[in-house]
>>> print(open('structure19.csv').read())   # CSV, C-alpha atoms and all ligand atoms
chain,number,residue,atom,x,y,z
A,1,MET,CA,-29.0,-9.4,48.3
A,2,LYS,CA,-27.8,-12.9,47.5
A,3,LEU,CA,-28.7,-12.5,43.9
A,4,ILE,CA,-26.9,-9.2,43.6
A,5,HIS,CA,-23.8,-10.8,45.2
A,6,LYS,CA,-24.0,-13.7,42.8
A,7,VAL,CA,-24.3,-11.3,39.8
A,8,SER,CA,-21.4,-9.2,40.9
A,9,LEU,CA,-19.2,-12.3,41.6
A,10,PHE,CA,-20.0,-13.5,38.1
A,11,VAL,CA,-19.1,-10.1,36.6
A,12,ALA,CA,-15.8,-10.1,38.6
A,13,VAL,CA,-14.9,-13.6,37.4
A,14,ALA,CA,-15.9,-13.0,33.9
A,15,SER,CA,-13.9,-9.8,33.7
A,16,THR,CA,-10.8,-11.4,35.2
A,17,LEU,CA,-11.0,-14.2,32.6
A,18,LEU,CA,-11.5,-11.7,29.8
A,19,ALA,CA,-8.6,-9.6,31.0
A,20,SER,CA,-6.2,-12.6,31.2
A,21,SER,CA,-7.3,-13.9,27.8
A,22,CYS,CA,-6.8,-10.4,26.3
A,23,ASN,CA,-3.4,-10.2,27.9
A,24,LYS,CA,-2.4,-13.5,26.4
A,25,LYS,CA,-3.6,-12.4,23.0
A,26,ASN,CA,-1.8,-9.0,23.4
A,27,LYS,CA,1.4,-10.9,24.0
A,28,VAL,CA,0.9,-12.8,20.8
A,29,ILE,CA,0.5,-9.5,18.9
A,30,TRP,CA,2.9,-7.2,20.7
A,31,LYS,CA,6.3,-8.6,21.4
A,32,THR,CA,7.7,-5.6,23.3
A,33,ASP,CA,6.5,-3.5,26.3
A,34,ASP,CA,8.6,-0.4,25.9
A,35,LYS,CA,7.8,0.6,22.3
A,36,VAL,CA,5.0,2.6,20.7
A,37,LYS,CA,2.5,0.1,19.4
A,38,VAL,CA,1.4,1.0,15.9
A,39,VAL,CA,-1.1,-0.8,13.7
A,40,ALA,CA,-0.6,-0.1,10.0
A,41,THR,CA,-2.9,-1.3,7.2
A,42,THR,CA,-1.1,-1.9,3.9
A,43,THR,CA,2.5,-3.1,3.5
A,44,MET,CA,3.4,0.4,2.1
A,45,VAL,CA,2.0,2.1,5.2
A,46,THR,CA,3.7,-0.5,7.4
A,47,ASP,CA,7.0,0.2,5.8
A,48,LEU,CA,6.5,4.0,6.1
A,49,VAL,CA,5.9,3.7,9.9
A,50,LYS,CA,9.0,1.5,10.3
A,51,GLN,CA,11.1,3.9,8.3
A,52,ILE,CA,10.1,6.9,10.5
A,53,GLY,CA,9.5,5.0,13.8
A,54,GLY,CA,12.8,3.1,13.7
A,55,ASP,CA,13.5,1.2,16.9
A,56,LYS,CA,11.1,3.2,19.0
A,57,VAL,CA,8.0,1.6,17.5
A,58,GLU,CA,6.6,-1.9,17.1
A,59,VAL,CA,4.5,-2.1,14.0
A,60,TYR,CA,1.7,-4.6,13.4
A,61,GLY,CA,0.8,-4.7,9.7
A,62,LEU,CA,-2.8,-5.8,9.1
A,63,MET,CA,-2.2,-6.8,5.5
A,64,ASP,CA,0.5,-9.1,4.4
A,65,GLU,CA,2.3,-8.9,1.1
A,66,GLY,CA,0.0,-10.1,-1.7
A,67,VAL,CA,-3.1,-8.9,0.0
A,68,ASP,CA,-5.6,-6.7,-1.9
A,69,PRO,CA,-6.5,-3.8,0.3
A,70,HIS,CA,-9.6,-2.9,-1.7
A,71,SER,CA,-11.3,-6.1,-0.5
A,72,TYR,CA,-9.6,-6.8,2.8
A,73,GLU,CA,-12.1,-7.6,5.6
A,74,GLY,CA,-9.9,-8.2,8.6
A,75,LYS,CA,-9.2,-11.1,10.8
A,76,PRO,CA,-10.0,-11.5,14.6
A,77,THR,CA,-6.4,-10.6,15.7
A,78,ASP,CA,-6.7,-7.3,13.8
A,79,THR,CA,-9.5,-6.3,16.2
A,80,ILE,CA,-7.3,-7.0,19.3
A,81,ALA,CA,-4.3,-5.3,17.6
A,82,THR,CA,-6.3,-2.1,16.8
A,83,LYS,CA,-7.9,-2.0,20.2
A,84,THR,CA,-4.6,-2.3,22.1
A,85,ALA,CA,-2.5,-0.2,19.7
A,86,ASP,CA,-1.3,3.3,20.7
A,87,LEU,CA,-1.7,4.5,17.1
A,88,VAL,CA,-3.4,3.3,14.0
A,89,VAL,CA,-2.1,4.5,10.6
A,90,TYR,CA,-4.0,3.7,7.4
A,91,SER,CA,-3.6,4.8,3.7
A,92,GLY,CA,-7.0,6.5,3.3
A,93,LEU,CA,-8.9,7.7,0.2
A,94,HIS,CA,-11.1,4.7,0.7
A,95,LEU,CA,-8.4,2.3,-0.3
A,96,GLU,CA,-9.2,0.1,2.7
A,97,HIS,CA,-12.7,-0.1,1.5
A,98,LYS,CA,-14.3,-2.4,4.0
A,99,LEU,CA,-12.4,-1.1,7.0
A,100,ALA,CA,-12.7,2.6,6.0
A,101,ASP,CA,-15.6,3.5,8.3
A,102,MET,CA,-14.0,1.8,11.3
A,103,LEU,CA,-10.6,3.5,10.7
A,104,GLU,CA,-12.0,6.9,10.1
A,105,LYS,CA,-14.0,6.9,13.3
A,106,MET,CA,-11.1,5.9,15.6
A,107,ASP,CA,-9.7,8.7,17.9
A,108,LYS,CA,-6.1,7.3,17.6
A,109,SER,CA,-6.0,6.8,13.8
A,110,VAL,CA,-4.4,8.9,11.1
A,111,ALA,CA,-4.5,8.6,7.3
A,112,ALA,CA,-1.2,8.7,5.6
A,113,THR,CA,-2.8,10.7,2.7
A,114,THR,CA,-4.4,13.3,4.9
A,115,GLU,CA,-1.9,16.1,4.0
A,116,MET,CA,-2.2,15.5,0.2
A,117,ASP,CA,-3.6,18.5,-1.5
A,118,LYS,CA,-6.9,17.7,-3.3
A,119,LYS,CA,-5.4,19.3,-6.5
A,120,SER,CA,-2.6,16.7,-6.5
A,121,LEU,CA,-5.0,13.8,-6.4
A,122,ILE,CA,-6.4,12.2,-9.6
A,123,THR,CA,-10.2,11.9,-9.8
A,124,PRO,CA,-11.2,9.0,-12.1
A,125,GLU,CA,-13.5,10.1,-14.9
A,126,GLU,CA,-15.4,7.0,-15.5
A,127,GLU,CA,-15.8,5.9,-11.9
A,128,LEU,CA,-19.0,6.5,-10.0
A,129,SER,CA,-17.0,6.8,-6.8
A,130,GLN,CA,-16.8,10.2,-5.1
A,131,TYR,CA,-13.3,9.3,-3.9
A,132,ALA,CA,-10.0,10.2,-5.6
A,133,ASP,CA,-7.8,7.4,-7.0
A,134,PRO,CA,-6.1,6.0,-3.8
A,135,HIS,CA,-2.9,4.6,-5.5
A,136,VAL,CA,-0.9,7.6,-4.5
A,137,TRP,CA,2.3,5.6,-3.7
A,138,GLY,CA,2.9,5.3,-7.5
A,139,ASP,CA,4.5,8.8,-7.3
A,140,PRO,CA,7.3,9.0,-4.7
A,141,GLN,CA,7.0,12.8,-4.6
A,142,LEU,CA,3.3,12.5,-3.6
A,143,TRP,CA,4.0,9.6,-1.3
A,144,ALA,CA,6.5,11.9,0.4
A,145,LYS,CA,3.5,13.9,1.7
A,146,ALA,CA,2.6,10.9,3.9
A,147,VAL,CA,5.8,11.4,5.9
A,148,LYS,CA,4.6,14.5,7.8
A,149,PRO,CA,1.3,13.1,9.2
A,150,VAL,CA,3.2,10.0,10.4
A,151,VAL,CA,6.0,12.1,12.1
A,152,GLU,CA,3.3,14.2,13.8
A,153,ALA,CA,1.2,11.3,14.9
A,154,LEU,CA,4.2,9.5,16.4
A,155,SER,CA,5.5,12.7,18.1
A,156,LYS,CA,2.1,13.3,19.6
A,157,THR,CA,1.8,9.7,20.9
A,158,ASP,CA,5.5,9.6,22.1
A,159,ALA,CA,6.5,13.2,22.7
A,160,THR,CA,9.9,12.3,24.3
A,161,ASN,CA,11.1,11.0,21.0
A,162,ALA,CA,9.7,13.7,18.8
A,163,ASP,CA,13.2,14.8,17.6
A,164,TYR,CA,14.0,11.3,16.7
A,165,TYR,CA,10.9,10.9,14.5
A,166,LYS,CA,11.5,14.3,12.9
A,167,LYS,CA,15.1,13.4,12.0
A,168,ARG,CA,14.2,10.0,10.5
A,169,GLY,CA,11.3,11.6,8.6
A,170,ASP,CA,13.7,14.1,7.1
A,171,VAL,CA,16.2,11.4,6.1
A,172,TYR,CA,13.4,9.4,4.5
A,173,LEU,CA,12.2,12.4,2.5
A,174,VAL,CA,15.7,12.7,1.0
A,175,GLU,CA,15.6,8.9,0.1
A,176,LEU,CA,12.2,9.3,-1.5
A,177,ASN,CA,13.4,12.2,-3.6
A,178,ARG,CA,16.4,10.2,-4.6
A,179,LEU,CA,14.1,7.3,-5.7
A,180,TYR,CA,12.0,9.7,-7.8
A,181,VAL,CA,15.1,11.2,-9.5
A,182,TRP,CA,16.5,7.7,-10.1
A,183,SER,CA,13.2,6.3,-11.5
A,184,LYS,CA,12.7,9.3,-13.8
A,185,LYS,CA,16.2,8.9,-15.3
A,186,ARG,CA,15.9,5.1,-15.6
A,187,LEU,CA,12.5,5.3,-17.4
A,188,THR,CA,14.0,7.7,-20.0
A,189,GLU,CA,15.7,4.5,-21.4
A,190,ILE,CA,12.3,3.6,-22.9
A,191,PRO,CA,11.9,5.1,-26.3
A,192,ASP,CA,8.8,7.4,-26.8
A,193,GLU,CA,6.9,4.9,-29.0
A,194,HIS,CA,7.2,2.2,-26.3
A,195,ARG,CA,6.1,4.3,-23.3
A,196,VAL,CA,2.8,2.5,-22.8
A,197,LEU,CA,2.2,0.4,-19.7
A,198,VAL,CA,-0.7,-2.1,-19.8
A,199,THR,CA,-1.4,-3.7,-16.4
A,200,SER,CA,-4.1,-5.8,-14.6
A,201,HIS,CA,-5.9,-3.0,-12.6
A,202,ASP,CA,-5.9,0.7,-12.6
A,203,ALA,CA,-3.2,1.2,-10.0
A,204,PHE,CA,-0.6,3.1,-12.0
A,205,MET,CA,-2.2,6.5,-12.8
A,206,TYR,CA,0.1,8.4,-10.4
A,207,PHE,CA,3.1,6.5,-11.7
A,208,SER,CA,2.0,7.5,-15.2
A,209,ARG,CA,1.7,11.2,-14.3
A,210,ALA,CA,5.0,11.2,-12.4
A,211,TYR,CA,7.1,9.7,-15.2
A,212,GLY,CA,5.2,10.5,-18.4
A,213,LEU,CA,4.1,7.0,-19.4
A,214,GLU,CA,0.7,6.2,-20.9
A,215,VAL,CA,-1.1,3.7,-18.8
A,216,LYS,CA,-3.9,1.3,-19.7
A,217,ALA,CA,-5.5,-1.1,-17.2
A,218,ILE,CA,-7.7,-4.0,-17.8
A,219,ASP,CA,-9.8,-3.8,-14.6
A,220,GLY,CA,-10.8,-0.6,-12.8
A,221,LEU,CA,-9.5,1.0,-9.6
A,222,ALA,CA,-10.2,-2.1,-7.6
A,223,PRO,CA,-9.2,-5.5,-9.1
A,224,ASP,CA,-12.8,-6.8,-8.6
A,225,ASP,CA,-14.1,-3.9,-10.8
A,226,LYS,CA,-13.9,-6.2,-13.9
A,227,ALA,CA,-13.6,-4.9,-17.4
A,228,GLY,CA,-16.6,-5.4,-19.7
A,229,PRO,CA,-16.3,-7.1,-23.1
A,230,LYS,CA,-16.1,-3.7,-24.9
A,231,LYS,CA,-13.2,-2.5,-22.8
A,232,VAL,CA,-11.4,-5.8,-23.4
A,233,LYS,CA,-12.0,-5.6,-27.1
A,234,ASP,CA,-10.8,-2.0,-27.3
A,235,LEU,CA,-7.7,-2.8,-25.2
A,236,ILE,CA,-6.7,-5.7,-27.5
A,237,GLN,CA,-7.1,-3.4,-30.5
A,238,PHE,CA,-5.0,-0.7,-28.7
A,239,ILE,CA,-2.2,-3.2,-28.1
A,240,LYS,CA,-2.2,-4.3,-31.7
A,241,ASP,CA,-2.4,-0.7,-33.1
A,242,ARG,CA,0.4,0.5,-30.9
A,243,LYS,CA,2.5,-2.6,-31.6
A,244,LEU,CA,3.2,-3.1,-27.9
A,245,LYS,CA,6.0,-5.6,-27.1
A,246,MET,CA,4.9,-6.5,-23.6
A,247,ILE,CA,2.2,-6.2,-21.0
A,248,PHE,CA,2.4,-6.7,-17.2
A,249,SER,CA,0.5,-8.7,-14.6
A,250,GLU,CA,0.5,-7.7,-11.0
A,251,HIS,CA,1.7,-9.6,-8.0
A,252,ALA,CA,-1.4,-9.6,-5.8
A,253,VAL,CA,-3.9,-9.7,-8.6
A,254,ASN,CA,-5.1,-12.8,-10.5
A,255,ALA,CA,-3.4,-12.9,-13.9
A,256,LYS,CA,-6.3,-14.6,-15.7
A,257,SER,CA,-7.5,-11.5,-17.7
A,258,VAL,CA,-4.0,-10.4,-18.5
A,259,LYS,CA,-3.2,-13.9,-19.9
A,260,SER,CA,-6.3,-14.0,-22.1
A,261,ILE,CA,-5.7,-10.4,-23.4
A,262,ALA,CA,-2.1,-11.2,-24.1
A,263,GLN,CA,-3.1,-14.3,-26.1
A,264,ASP,CA,-5.8,-12.4,-28.1
A,265,ALA,CA,-3.5,-9.4,-28.8
A,266,GLY,CA,-0.4,-11.6,-29.6
A,267,VAL,CA,1.7,-9.8,-27.0
A,268,ALA,CA,4.1,-11.2,-24.4
A,269,ILE,CA,3.6,-10.9,-20.6
A,270,SER,CA,6.5,-9.8,-18.5
A,271,GLU,CA,8.1,-12.5,-16.5
A,272,LYS,CA,8.4,-9.9,-13.7
A,273,GLU,CA,5.1,-9.1,-12.1
A,274,LEU,CA,4.6,-5.6,-10.9
A,275,PHE,CA,3.9,-4.7,-7.2
A,276,SER,CA,0.7,-2.6,-7.3
A,277,ASP,CA,-1.1,-2.6,-4.0
A,278,ALA,CA,1.3,-4.4,-1.8
A,279,THR,CA,5.1,-4.7,-1.5
A,280,GLY,CA,6.9,-8.0,-1.8
A,281,ILE,CA,8.0,-10.1,1.2
A,282,SER,CA,10.1,-8.3,3.7
A,283,GLY,CA,13.8,-9.4,3.5
A,284,GLU,CA,13.4,-10.8,-0.1
A,285,MET,CA,16.3,-9.2,-1.9
A,286,GLU,CA,16.6,-8.4,-5.6
A,287,THR,CA,19.7,-7.3,-7.5
A,288,VAL,CA,19.5,-5.4,-10.8
A,289,ASN,CA,22.4,-3.7,-12.4
A,290,GLY,CA,24.5,-4.3,-9.3
A,291,GLU,CA,22.1,-2.6,-7.0
A,292,THR,CA,20.4,-4.7,-4.3
A,293,TYR,CA,17.1,-3.7,-2.6
A,294,ASP,CA,14.6,-5.3,-0.2
A,295,LEU,CA,11.3,-6.0,-2.0
A,296,GLY,CA,9.4,-5.8,1.3
A,297,THR,CA,10.1,-2.0,1.4
A,298,TYR,CA,8.3,0.8,-0.5
A,299,ILE,CA,11.6,1.8,-2.1
A,300,GLY,CA,12.4,-1.7,-3.1
A,301,MET,CA,8.9,-2.3,-4.5
A,302,GLN,CA,9.2,0.9,-6.7
A,303,LYS,CA,12.7,0.0,-7.9
A,304,HIS,CA,11.5,-3.5,-8.8
A,305,ASN,CA,8.6,-2.0,-10.8
A,306,VAL,CA,10.8,0.6,-12.6
A,307,ASN,CA,13.4,-2.0,-13.5
A,308,ALA,CA,10.8,-4.5,-14.7
A,309,ILE,CA,9.1,-1.9,-16.8
A,310,VAL,CA,12.3,-0.6,-18.4
A,311,GLY,CA,13.5,-4.2,-19.0
A,312,GLY,CA,10.2,-5.1,-20.7
A,313,LEU,CA,9.6,-2.0,-22.8
A,314,LYS,CA,12.9,-0.6,-23.9
B,1,ZN,ZN,-5.6,-1.0,-6.3
>>> encode(input="structure19.csv", output="structure tokens", more="lines below")
Ligand SMILES: [Zn+2]
Amino acid sequence: MKLIHKVSLFVAVASTLLASSCNKKNKVIWKTDDKVKVVATTTMVTDLVKQIGGDKVEVYGLMDEGVDPHSYEGKPTDTIATKTADLVVYSGLHLEHKLADMLEKMDKSVAATTEMDKKSLITPEEELSQYADPHVWGDPQLWAKAVKPVVEALSKTDATNADYYKKRGDVYLVELNRLYVWSKKRLTEIPDEHRVLVTSHDAFMYFSRAYGLEVKAIDGLAPDDKAGPKKVKDLIQFIKDRKLKMIFSEHAVNAKSVKSIAQDAGVAISEKELFSDATGISGEMETVNGETYDLGTYIGMQKHNVNAIVGGLK
């Protein structure tokens, strides 16, 4: 009897301690009590949830700007955040490589790419992967397909505000379409013979398809999928043959291989790095041609890329 009593007392004390330490940690992660708590993975997904959720949601983004989602492993606070969140939104298509299994198995998770038609996805030829290219945000019209699953998931989690999420989702769809139309028009400023984009890793295939630009990347679909010597040699030859003026490095990716290729091919590197797998810092503003945008948003990230590419290639 005594032993049982001691054991149950221990359990009671331990669970009280655990609960209070969890509560303290919760407070560190979640600043509000009355909002829907959403964990989002990449900065693009974080922005998407903020655009749709507005002031009804508190979003905890797992990955900061400049973080490579392909190799992200998570930090201890991420576990507490995902456990205590009402909803978890991730990009999907195995972009969050190391977290993919965990994210897919959760009851309260939704992939932003879940409504994207298989036919609209690009399947890489040379990759051994059975997964489609995950860099779908390169095409705003395709990224727009991520709005519906987020609206639905928020409405299911917080039914009282379903109309609010629907309205904000509809407004955001108009903005995404406006971004697509603007980008397409702006990119026509690049003459046909210069419409070649050389970047660090293969993150611009959807961008290429959306706007009719040829894209060549040094590394594969993930930045750690390094190019072999033959690929590097062929790319240098390609840059020389096509007499390219400029190639681009990416914000979250080491620029070492771009620098060495630029040197060997005798081509310049754009001073403006492209945002490939993460947005810029939230609240960091950029003004080009009199238009100001926030680099920490998806729309700002895309505008920065388009302006940088047009500026470098035209
Ligand atoms: Zn990538």
>>> residues_near_ligand(input="structure19.csv", ligand="ligand ZN 1 (chain B)", cutoff="7 Å", atoms="all atoms listed in the file", output="list in words")
His70, His135, His201, Asp202, Ala203, Leu221, Ala222, Pro223, Ser276 and Asp277 of chain A
>>> write_last_selection(input="structure19.csv", atoms="C-alpha atoms", output="tab-separated table (two decimals), in the frame of the given file")
chain	number	residue	atom	x	y	z
A	70	HIS	CA	-9.60	-2.90	-1.70
A	135	HIS	CA	-2.90	4.60	-5.50
A	201	HIS	CA	-5.90	-3.00	-12.60
A	202	ASP	CA	-5.90	0.70	-12.60
A	203	ALA	CA	-3.20	1.20	-10.00
A	221	LEU	CA	-9.50	1.00	-9.60
A	222	ALA	CA	-10.20	-2.10	-7.60
A	223	PRO	CA	-9.20	-5.50	-9.10
A	276	SER	CA	0.70	-2.60	-7.30
A	277	ASP	CA	-1.10	-2.60	-4.00
>>> residues_around(input="structure19.csv", residues="Tyr298 (chain A)", least_positions_apart="6", cutoff="12 Å", atoms="only C-alpha atoms", output="ChimeraX atom specification")
/A:42-51,65,137-140,143-144,172,175-176,179,275-282,304-305
>>> atom_distance(input="structure19.csv", atom1="CA of Ala308 (chain A)", atom2="CA of Lys240 (chain A)")
21.4 Å
>>> residues_around(input="structure19.csv", residues="Glu193 (chain A)", least_positions_apart="4", cutoff="12 Å", atoms="all atoms listed in the file", output="list in words")
Thr188, Glu189, Leu197, Leu213, Glu214, Asp241, Arg242, Lys243, Leu244, Lys245, Leu313 and Lys314 of chain A
>>> write_last_selection(input="structure19.csv", atoms="C-alpha atoms", output="compact mmCIF listing (two decimals), in the coordinates of the input")
# COMPACT_ATOMS: atom_id res chain seq x y z
CA THR A 188 14.00 7.70 -20.00
CA GLU A 189 15.70 4.50 -21.40
CA LEU A 197 2.20 0.40 -19.70
CA LEU A 213 4.10 7.00 -19.40
CA GLU A 214 0.70 6.20 -20.90
CA ASP A 241 -2.40 -0.70 -33.10
CA ARG A 242 0.40 0.50 -30.90
CA LYS A 243 2.50 -2.60 -31.60
CA LEU A 244 3.20 -3.10 -27.90
CA LYS A 245 6.00 -5.60 -27.10
CA LEU A 313 9.60 -2.00 -22.80
CA LYS A 314 12.90 -0.60 -23.90
>>> closest_residue(input="structure19.csv", among="A:Leu95, A:Tyr165, A:Glu152, A:Leu187", to="Asp55 (chain A)", atoms="only C-alpha atoms")
A:Tyr165
>>> atom_distance(input="structure19.csv", atom1="CA of Phe248 (chain A)", atom2="CA of His194 (chain A)")
13.6 Å
>>> atom_distance(input="structure19.csv", atom1="CA of Gly74 (chain A)", atom2="CA of Val136 (chain A)")
22.4 Å
>>> closest_residue(input="structure19.csv", among="A:Val57, A:Ile239, A:Ala262, A:Val181", to="Tyr164 (chain A)", atoms="all atoms listed in the file")
A:Val57
>>> closest_residue(input="structure19.csv", among="A:Asp78, A:Met205, A:Thr199, A:Thr287", to="Ile261 (chain A)", atoms="only C-alpha atoms")
A:Thr199
>>> closest_residue(input="structure19.csv", among="A:Glu58, A:Asp117, A:Asp64, A:Glu291", to="Leu87 (chain A)", atoms="only C-alpha atoms")
A:Glu58
>>> residues_near_point(input="structure19.csv", point="(9.2, -13.3, -18.0)", cutoff="12 Å", atoms="all atoms listed in the file", output="JSON, numbers by chain")
{"A": [246, 247, 248, 249, 268, 269, 270, 271, 272, 273, 274, 308, 309, 311, 312]}
>>> closest_residue(input="structure19.csv", among="A:Thr157, A:Asp68, A:Ala227, A:Val88", to="Lys105 (chain A)", atoms="all atoms listed in the file")
A:Val88
>>> closest_residue(input="structure19.csv", among="A:Thr84, A:Thr77, A:Gly290, A:Thr41", to="Ala100 (chain A)", atoms="all atoms listed in the file")
A:Thr41
>>> decode(input="structure19.csv", residues="region 182-218 of chain A", atoms="C-alpha atoms", output="JSON list (two decimals), in the first residue's frame")
[["chain", "number", "residue", "atom", "x", "y", "z"],
["A", 182, "TRP", "CA", 2.59, 42.31, -63.08],
["A", 183, "SER", "CA", 5.50, 39.81, -63.13],
["A", 184, "LYS", "CA", 4.68, 38.54, -66.60],
["A", 185, "LYS", "CA", 4.54, 42.08, -68.00],
["A", 186, "ARG", "CA", 7.72, 43.20, -66.20],
["A", 187, "LEU", "CA", 9.66, 40.14, -67.42],
["A", 188, "THR", "CA", 8.79, 40.93, -71.07],
["A", 189, "GLU", "CA", 11.34, 43.75, -70.72],
["A", 190, "ILE", "CA", 14.06, 41.09, -71.07],
["A", 191, "PRO", "CA", 14.86, 40.49, -74.77],
["A", 192, "ASP", "CA", 14.44, 36.90, -76.02],
["A", 193, "GLU", "CA", 18.16, 36.20, -76.33],
["A", 194, "HIS", "CA", 18.74, 37.11, -72.66],
["A", 195, "ARG", "CA", 15.89, 35.11, -71.17],
["A", 196, "VAL", "CA", 18.13, 32.63, -69.36],
["A", 197, "LEU", "CA", 18.29, 32.43, -65.59],
["A", 198, "VAL", "CA", 21.28, 30.66, -64.00],
["A", 199, "THR", "CA", 20.91, 30.16, -60.23],
["A", 200, "SER", "CA", 22.44, 28.21, -57.33],
["A", 201, "HIS", "CA", 19.92, 25.36, -56.95],
["A", 202, "ASP", "CA", 16.98, 24.07, -58.93],
["A", 203, "ALA", "CA", 14.25, 26.16, -57.31],
["A", 204, "PHE", "CA", 13.01, 28.13, -60.33],
["A", 205, "MET", "CA", 11.40, 25.52, -62.62],
["A", 206, "TYR", "CA", 7.84, 26.71, -61.88],
["A", 207, "PHE", "CA", 8.98, 30.32, -62.28],
["A", 208, "SER", "CA", 10.50, 29.35, -65.62],
["A", 209, "ARG", "CA", 7.29, 27.67, -66.81],
["A", 210, "ALA", "CA", 5.07, 30.53, -65.63],
["A", 211, "TYR", "CA", 7.00, 33.27, -67.39],
["A", 212, "GLY", "CA", 8.77, 31.56, -70.28],
["A", 213, "LEU", "CA", 12.35, 31.87, -69.11],
["A", 214, "GLU", "CA", 14.96, 29.19, -69.58],
["A", 215, "VAL", "CA", 16.41, 28.12, -66.23],
["A", 216, "LYS", "CA", 19.69, 26.40, -65.42],
["A", 217, "ALA", "CA", 20.73, 25.56, -61.88],
["A", 218, "ILE", "CA", 24.11, 24.54, -60.55]]
